[in-house]
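What follows is a set of notes on a single structure, which appears directly below.
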Amino acid sequence: MAALALAAGKERGELSDTNELKLVRELIEIPRLIAAALETEPQIEELAREISKSTDVLYLGRGTSVPLALEGALKLKEISYIHSEGYAAGELKHGPIALIDETVPVVVIAPYDPLFAKTVSNMQEVAARGGNIILMTDAKGASEATLATFRTILLPDMVATFAPMVYAIPLQLLAYHTAVVMGTDVDQPRNLAKSVTVE
């Protein structure tokens, strides 16, 4: 899909030769970055044991991380049956913040990008209410976060354009390992329709 988008951008005159080449080079790096993200699995397995004790989990993200927050929460809900919700971090004050206390893990998806400082501000609000912050970021983000987290999952440095492809990996692994710890059948989740029939 990314390659198709690049081709469409080039065909429509939205991408210069230089920008196209730059994006293609970044896209070629994705398999290596995904392999690096998979190396976080031992940390994710350990984290899953903690998450499995929770009754509620919140996921926060900004910009392109919002769909990741929604998807991460959906996957956890679907196969571990833990109540989880994904939100845009900027909407934290409009409801979700009322749910946060020391029993609620809050997964924050925050690659170091132009929106990072605003996300840190939201993390401070979570910390002030005793929420257990699980930060998924890169080395620069971890050093700039300036607050204690329950866990920090370090992902490789990458350009923001394709970061969602890589950040999806630990989110999927977290849902999977949490379900395994809880003893659910990850191959046959209950009440999960594989097809939709519309009359």
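Residue numbers start at 1 in each chain; chains themselves are named A, B, ... in the order of the structure tokens; ligands are numbered from 1 in the order shown.
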* DSSP-assigned strand (DSSP E or B) among region 16-123 of chain A, expressed as a VMD selection string -> chain A and resid 56 to 61 83 to 88 105 to 109
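Residue neighbourhood of Gly72 (chain A), excluding near-sequence residues (fewer than 2 positions): Tyr59, Leu68, Ala69, Leu70, Leu74, Lys75, Leu76, Gly86, Ala168, Leu171, Gln172 and Ala175 of chain A, at 8 Å, using only C-alpha atoms.
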* Pairwise distance for CA of Ala88 (chain A) and CA of Asp56 (chain A), rounded to one decimal in Å ->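 These atoms are spaced 17.0 Å apart.
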Per residue of region 137-169 of chain A within 12 Å of region 28-51 of chain A, what are the shortest atom pair and its distance in Å to one decimal, counting only C-alpha atoms, with rows by chain and residue number, as a Markdown table?
```
| residue | atom | partner | partner_atom | distance |
| --- | --- | --- | --- | --- |
| A:Thr137 | CA | A:Ala37 | CA | 11.0 |
| A:Asp138 | CA | A:Ala37 | CA | 10.6 |
| A:Phe150 | CA | A:Leu47 | CA | 9.5 |
| A:Arg151 | CA | A:Leu47 | CA | 7.8 |
| A:Thr152 | CA | A:Gln43 | CA | 9.3 |
| A:Ile153 | CA | A:Thr40 | CA | 7.1 |
| A:Leu154 | CA | A:Thr40 | CA | 7.6 |
| A:Leu155 | CA | A:Ala37 | CA | 5.8 |
| A:Pro156 | CA | A:Leu33 | CA | 6.5 |
| A:Asp157 | CA | A:Leu33 | CA | 8.4 |
| A:Met158 | CA | A:Leu33 | CA | 7.9 |
| A:Val159 | CA | A:Glu29 | CA | 10.1 |
| A:Ala160 | CA | A:Ile30 | CA | 11.9 |
| A:Thr161 | CA | A:Ile30 | CA | 10.9 |
| A:Phe162 | CA | A:Ile30 | CA | 7.7 |
| A:Ala163 | CA | A:Ile30 | CA | 8.8 |
| A:Pro164 | CA | A:Ile30 | CA | 10.5 |
| A:Met165 | CA | A:Ile30 | CA | 7.7 |
| A:Val166 | CA | A:Ile34 | CA | 5.4 |
| A:Tyr167 | CA | A:Ala37 | CA | 7.6 |
| A:Ala168 | CA | A:Ala37 | CA | 9.2 |
| A:Ile169 | CA | A:Ala37 | CA | 6.5 |
```
Find the residues around Arg62 (chain A) up to 7 Å (only C-alpha atoms counted), leave out those fewer than 3 positions away in its own chain, and share them as a CSV table (one decimal) with C-alpha atoms, in the first residue's frame.
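What ended up in selection37.csv:
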```csv
chain,number,residue,atom,x,y,z
A,65,SER,CA,-0.3,7.1,16.6
A,66,VAL,CA,-4.1,7.5,17.2
A,88,ALA,CA,-6.3,10.5,21.0
A,89,ALA,CA,-4.0,11.9,23.7
A,115,LEU,CA,3.9,16.1,18.6
A,119,THR,CA,2.2,13.7,24.4
```
* Determine the nearest neighbour of Glu125 (chain A) from the options A:Ile97, A:Val106, A:Val57, A:Met1, counting only C-alpha atoms. =>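 Between A:Ile97, A:Val106, A:Val57, A:Met1, the residue approaching Glu125 (chain A) most closely is A:Ile97.
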* Within 8 Å of Ser52 (chain A), counting only C-alpha atoms, which residues qualify if same-chain residues fewer than 6 places away don't, as an MDAnalysis selection string? -> chainID A and resid 82 178:179 181:182
Residue selection dump (N, CA and C atoms) as an mmCIF file, in the first residue's frame:
```cif
data_model
loop_
_atom_site.group_PDB
_atom_site.id
_atom_site.type_symbol
_atom_site.label_atom_id
_atom_site.label_comp_id
_atom_site.auth_asym_id
_atom_site.auth_seq_id
_atom_site.Cartn_x
_atom_site.Cartn_y
_atom_site.Cartn_z
ATOM 1 N N ILE A 82 -9.925 -8.232 28.131
ATOM 2 C CA ILE A 82 -9.730 -7.140 29.089
ATOM 3 C C ILE A 82 -10.343 -5.889 28.475
ATOM 4 N N THR A 178 -0.596 -11.311 26.368
ATOM 5 C CA THR A 178 -1.538 -11.153 27.480
ATOM 6 C C THR A 178 -2.600 -12.250 27.422
ATOM 7 N N ALA A 179 -3.106 -12.504 26.226
ATOM 8 C CA ALA A 179 -4.102 -13.570 26.059
ATOM 9 C C ALA A 179 -3.522 -14.929 26.429
ATOM 10 N N VAL A 181 -1.050 -15.550 28.543
ATOM 11 C CA VAL A 181 -0.903 -15.597 30.002
ATOM 12 C C VAL A 181 -2.245 -15.898 30.665
ATOM 13 N N MET A 182 -3.307 -15.357 30.107
ATOM 14 C CA MET A 182 -4.634 -15.545 30.692
ATOM 15 C C MET A 182 -5.262 -16.885 30.306
#
```
* Contacts of Glu144 (chain A) at 12 Å or less, counting only C-alpha atoms, minus same-chain residues fewer than 6 places along, as a PyMOL selection string? -> chain A and resi 110-113+116-121+135+137-138
Can I get the selected residues back with C-alpha atoms, as a compact mmCIF listing (two decimals), in the first residue's frame?
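Writing done, so here's selection-v4.txt:
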```
# COMPACT_ATOMS: atom_id res chain seq x y z
CA ALA A 110 4.92 8.16 21.20
CA PRO A 111 7.69 8.09 18.62
CA TYR A 112 9.85 11.20 18.89
CA ASP A 113 8.18 13.55 16.41
CA PHE A 116 6.07 14.41 21.23
CA ALA A 117 6.16 17.31 23.73
CA LYS A 118 2.36 17.47 23.79
CA THR A 119 2.18 13.74 24.42
CA VAL A 120 4.60 14.12 27.35
CA SER A 121 2.23 16.72 28.79
CA LEU A 135 5.76 4.17 26.99
CA THR A 137 9.07 5.24 21.95
CA ASP A 138 12.57 5.49 20.52
```
* Asked: With only C-alpha atoms as the basis for distance, which of A:Glu71, A:Asp17, A:Asp187, A:Glu91 is at the shortest distance from Pro170 (chain A)?
  ->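 Smallest separation from Pro170 (chain A) among the options: A:Glu71.
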* **Filtered DSSP result for region 29-190 of chain A, state alpha helix (DSSP H), as a PyMOL selection string** => chain A and resi 30-38+41-51+65-80+116-128+139-144+163-181
* **Atom-to-atom span, CA of Gly63 (chain A) and CA of Arg25 (chain A), Å** => 22.9 Å
* **Atom-to-atom span, CA of Val24 (chain A) and CA of Leu4 (chain A), Å** =>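 Rounded to one decimal, the two atoms are 11.2 Å apart.
For the choices A:Thr64, A:Ala5, A:Ser16, A:Gln188, the atom-to-atom distance to Pro114 (chain A) is smallest for A:Thr64 when using only C-alpha atoms.
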